[in-house]
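The file entry.cif comes next; it holds mmCIF, C-alpha atoms.
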data_target
loop_
_atom_site.label_atom_id
_atom_site.label_comp_id
_atom_site.auth_asym_id
_atom_site.auth_seq_id
_atom_site.Cartn_x
_atom_site.Cartn_y
_atom_site.Cartn_z
CA MET A 225 -20.32 2.39 -4.18
CA ARG A 226 -20.11 -1.40 -4.18
CA PHE A 227 -18.41 -3.56 -6.79
CA THR A 228 -16.75 -6.94 -7.11
CA SER A 229 -13.37 -7.61 -8.68
CA ILE A 230 -12.58 -11.04 -10.12
CA ASP A 231 -9.49 -12.78 -11.43
CA VAL A 232 -9.36 -16.33 -12.76
CA GLU A 233 -6.52 -18.57 -13.83
CA THR A 234 -6.86 -21.32 -16.40
CA ALA A 235 -5.14 -24.68 -16.67
CA ASN A 236 -4.65 -24.47 -20.42
CA PRO A 237 -5.56 -22.29 -23.42
CA LYS A 238 -9.25 -23.27 -23.15
CA LEU A 239 -10.86 -20.47 -21.15
CA SER A 240 -13.33 -22.93 -19.63
CA SER A 241 -10.42 -24.65 -17.81
CA ILE A 242 -10.61 -22.42 -14.71
CA CYS A 243 -8.22 -23.70 -12.02
CA GLN A 244 -8.40 -20.77 -9.59
CA ILE A 245 -10.87 -17.98 -8.83
CA GLY A 246 -10.14 -14.90 -6.76
CA VAL A 247 -12.84 -12.41 -5.78
CA ALA A 248 -12.68 -9.19 -3.77
CA ILE A 249 -15.77 -7.18 -2.89
CA PHE A 250 -15.34 -3.44 -2.33
CA GLU A 251 -17.64 -0.99 -0.58
CA ASP A 252 -16.74 2.68 -0.66
CA GLY A 253 -13.13 1.83 -1.59
CA VAL A 254 -12.65 -0.73 1.20
CA VAL A 255 -12.35 -4.50 0.74
CA VAL A 256 -15.25 -6.03 2.70
CA ASP A 257 -14.92 -9.63 1.50
CA GLN A 258 -12.27 -11.74 -0.18
CA TRP A 259 -12.58 -15.26 -1.54
CA GLU A 260 -9.99 -17.39 -3.26
CA GLN A 261 -10.57 -20.95 -4.38
CA LEU A 262 -8.57 -23.53 -6.28
CA VAL A 263 -10.77 -25.28 -8.83
CA ASN A 264 -10.46 -28.71 -10.40
CA PRO A 265 -10.93 -27.88 -14.10
CA GLU A 266 -11.38 -31.53 -15.03
CA ASP A 267 -8.92 -30.81 -17.83
CA TYR A 268 -5.20 -30.98 -18.59
CA PHE A 269 -2.60 -28.45 -17.43
CA ASP A 270 -0.43 -26.72 -20.02
CA ALA A 271 3.19 -25.79 -19.20
CA THR A 272 2.68 -22.24 -20.48
CA ASN A 273 -0.21 -21.62 -18.10
CA ILE A 274 1.66 -23.21 -15.19
CA ALA A 275 4.58 -20.85 -15.88
CA VAL A 276 2.21 -17.87 -15.49
CA HIS A 277 0.40 -18.83 -12.28
CA GLY A 278 2.31 -21.77 -10.77
CA ILE A 279 -0.79 -23.92 -10.23
CA ARG A 280 -0.35 -27.59 -11.12
CA GLN A 281 -2.75 -30.47 -11.55
CA GLU A 282 -1.68 -31.97 -8.22
CA ASP A 283 -2.67 -28.69 -6.50
CA VAL A 284 -6.31 -29.03 -7.58
CA ILE A 285 -6.86 -32.80 -7.59
CA TYR A 286 -9.14 -32.61 -4.52
CA ALA A 287 -10.50 -29.13 -5.20
CA PRO A 288 -14.17 -28.64 -6.09
CA THR A 289 -15.16 -28.31 -9.74
CA PHE A 290 -16.56 -25.09 -11.19
CA SER A 291 -20.01 -26.65 -11.14
CA GLU A 292 -19.67 -27.43 -7.42
CA LEU A 293 -18.66 -23.80 -6.72
CA ARG A 294 -21.32 -22.20 -8.88
CA THR A 295 -23.72 -21.24 -6.08
CA GLU A 296 -20.97 -19.73 -3.93
CA LEU A 297 -19.54 -17.84 -6.91
CA GLU A 298 -22.91 -16.54 -8.08
CA ALA A 299 -23.59 -15.11 -4.61
CA ARG A 300 -20.43 -13.01 -4.99
CA LEU A 301 -20.93 -11.94 -8.62
CA GLN A 302 -23.71 -9.42 -8.07
CA GLY A 303 -24.10 -5.90 -9.40
CA ILE A 304 -20.94 -4.49 -10.99
CA VAL A 305 -18.15 -7.02 -11.55
CA VAL A 306 -14.75 -5.69 -12.62
CA CYS A 307 -12.34 -7.79 -14.67
CA HIS A 308 -9.14 -6.81 -16.46
CA THR A 309 -9.75 -7.50 -20.17
CA HIS A 310 -12.49 -9.78 -21.39
CA PHE A 311 -10.53 -12.87 -20.25
CA ASP A 312 -12.23 -13.43 -16.88
CA ARG A 313 -15.74 -12.65 -18.15
CA THR A 314 -15.30 -15.00 -21.10
CA ALA A 315 -13.75 -17.73 -18.93
CA ILE A 316 -16.72 -17.59 -16.54
CA ARG A 317 -19.16 -17.73 -19.48
CA GLN A 318 -17.34 -20.65 -21.11
CA ALA A 319 -17.10 -22.57 -17.82
CA CYS A 320 -20.85 -22.06 -17.36
CA GLU A 321 -21.43 -23.39 -20.86
CA LYS A 322 -19.12 -26.38 -20.19
CA TYR A 323 -21.28 -27.39 -17.21
CA ASP A 324 -24.60 -26.30 -18.77
CA LEU A 325 -25.10 -23.51 -16.20
CA THR A 326 -26.53 -20.04 -16.69
CA SER A 327 -24.06 -17.16 -16.68
CA PRO A 328 -24.09 -14.79 -13.70
CA GLN A 329 -26.52 -11.90 -14.01
CA CYS A 330 -24.15 -9.02 -13.35
CA VAL A 331 -22.81 -5.94 -15.11
CA TRP A 332 -19.25 -6.51 -16.33
CA LEU A 333 -16.78 -3.61 -16.31
CA ASP A 334 -13.43 -3.99 -18.09
CA SER A 335 -10.67 -2.21 -16.14
CA ALA A 336 -8.21 -2.59 -19.05
CA ARG A 337 -10.55 -0.52 -21.18
CA ILE A 338 -10.69 2.12 -18.45
CA ALA A 339 -6.87 2.14 -18.15
CA ARG A 340 -6.50 2.55 -21.92
CA ARG A 341 -8.82 5.57 -21.85
CA THR A 342 -7.42 7.08 -18.64
CA TRP A 343 -3.65 6.92 -19.16
CA GLU A 344 -2.12 7.88 -22.48
CA GLN A 345 0.83 5.48 -21.97
CA PHE A 346 -1.63 2.54 -21.94
CA SER A 347 -3.78 3.66 -24.87
CA ALA A 348 -2.25 1.23 -27.39
CA SER A 349 -0.22 -1.28 -25.38
CA GLY A 350 1.26 -2.07 -22.00
CA TYR A 351 -2.12 -2.04 -20.22
CA GLY A 352 -1.57 -5.44 -18.60
CA LEU A 353 -2.58 -5.79 -14.98
CA LYS A 354 1.01 -5.71 -13.71
CA ASN A 355 1.74 -2.38 -15.44
CA VAL A 356 -1.53 -0.77 -14.40
CA CYS A 357 -1.00 -1.89 -10.80
CA ALA A 358 2.48 -0.34 -10.85
CA GLU A 359 0.95 2.93 -12.10
CA ILE A 360 -1.49 3.09 -9.18
CA GLY A 361 1.04 1.93 -6.60
CA TYR A 362 -0.33 -1.57 -5.99
CA LYS A 363 1.98 -4.59 -5.83
CA PHE A 364 0.70 -7.23 -8.24
CA GLN A 365 1.73 -10.79 -7.51
CA HIS A 366 0.71 -14.12 -9.06
CA HIS A 367 0.25 -17.24 -6.92
CA ASN A 368 3.75 -18.58 -7.74
CA ALA A 369 5.63 -15.30 -7.45
#

I'd like the structure from this file rewritten - as structure tokens, please.
Amino acid sequence: MRFTSIDVETANPKLSSICQIGVAIFEDGVVVDQWEQLVNPEDYFDATNIAVHGIRQEDVIYAPTFSELRTELEARLQGIVVCHTHFDRTAIRQACEKYDLTSPQCVWLDSARIARRTWEQFSASGYGLKNVCAEIGYKFQHHNA
């Protein structure tokens, strides 16, 4: 069983403003590759978003743009790609649209949807990544934490 997990952070409320991408590739339950990259979103940074992830404009000023990372990212987004809620999938799609690129040809799997169907306590609310990670015994930590 091989799948890829992705998490993106955005600079502001526009989902196309990706400022960081994290990818982990799993094979038979073992991480076989990890990739994390700051991204210059070529957009403004909102204080609310900074408060969530701690990434500031000065952190990404010399980072590559999403367009410049597209080939490297596409090589990692193959087969099944797991994201938590539609956020990451939609952000990738909107960033592709922003730069007039095609979206990755992968199968997206929403782990929030799985959590809501698996654990009764998450069926209606509380299925955020931090809570789900606590349930499975994994320490969740944002960049700034």

With the cut-off set at 6 Å and counting all atoms listed in the file, tabulate each residue of segment 257-353 of chain A with an atom at most that distance from an atom of segment 232-236 of chain A, showing the nearest atom pair and its distance in Å to one decimal, ordered by chain and increasing number, as JSON lines.
{"residue": "A:Phe269", "atom": "CA", "partner": "A:Ala235", "partner_atom": "CA", "distance": 4.6}
{"residue": "A:Asp270", "atom": "CA", "partner": "A:Asn236", "partner_atom": "CA", "distance": 4.8}
{"residue": "A:Asn273", "atom": "CA", "partner": "A:Asn236", "partner_atom": "CA", "distance": 5.8}
{"residue": "A:Asp312", "atom": "CA", "partner": "A:Val232", "partner_atom": "CA", "distance": 5.8}

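By chain and then residue number, the residues within 12 Å of Ile285 of chain A are Cys243, Leu262, Val263, Asn264, Pro265, Glu266, Asp267, Tyr268, Phe269 and Ile279 of chain A, counting only C-alpha atoms and disregarding those fewer than 6 positions away in sequence.
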
Residues as selected, C-alpha atoms, written as a PDB file, keeping the file's coordinate frame, can you do that?
ATOM      1  CA  CYS A 243      -8.220 -23.700 -12.020  1.00  0.00           C
ATOM      2  CA  LEU A 262      -8.570 -23.530  -6.280  1.00  0.00           C
ATOM      3  CA  VAL A 263     -10.770 -25.280  -8.830  1.00  0.00           C
ATOM      4  CA  ASN A 264     -10.460 -28.710 -10.400  1.00  0.00           C
ATOM      5  CA  PRO A 265     -10.930 -27.880 -14.100  1.00  0.00           C
ATOM      6  CA  GLU A 266     -11.380 -31.530 -15.030  1.00  0.00           C
ATOM      7  CA  ASP A 267      -8.920 -30.810 -17.830  1.00  0.00           C
ATOM      8  CA  TYR A 268      -5.200 -30.980 -18.590  1.00  0.00           C
ATOM      9  CA  PHE A 269      -2.600 -28.450 -17.430  1.00  0.00           C
ATOM     10  CA  ILE A 279      -0.790 -23.920 -10.230  1.00  0.00           C
TER      11      ILE A 279
END

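Distances here use all atoms listed in the file; by that measure, the residue among A:Thr272, A:Gln261, A:Ser241, A:Gln345 closest to Leu293 of chain A is A:Gln261.
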
Atom CA of Thr228 of chain A to atom CA of Cys330 of chain A, straight-line distance in Å: 9.9 Å

As JSON, what would the box around segment 262-279 of chain A look like: edges along x, y and z, 6 Å added on every side, centre and edge lengths in Å to one decimal?
{"center_x": -3.4, "center_y": -24.7, "center_z": -13.4, "size_x": 28.0, "size_y": 25.7, "size_z": 26.2}

Min atom-atom distance to Phe227 of chain A from the set A:Val255, A:Ala315, A:Ile242, A:Ala358, counting only C-alpha atoms, belongs to A:Val255

When you look at Pro328 of chain A with a cut-off of 9 Å (counting all atoms listed in the file), what residues show up, excluding the ones that are within fewer than 6 positions of it in the same chain? I need them as a list in words. Leu297, Glu298, Leu301, Gln302, Ile316, Arg317 and Cys320 of chain A
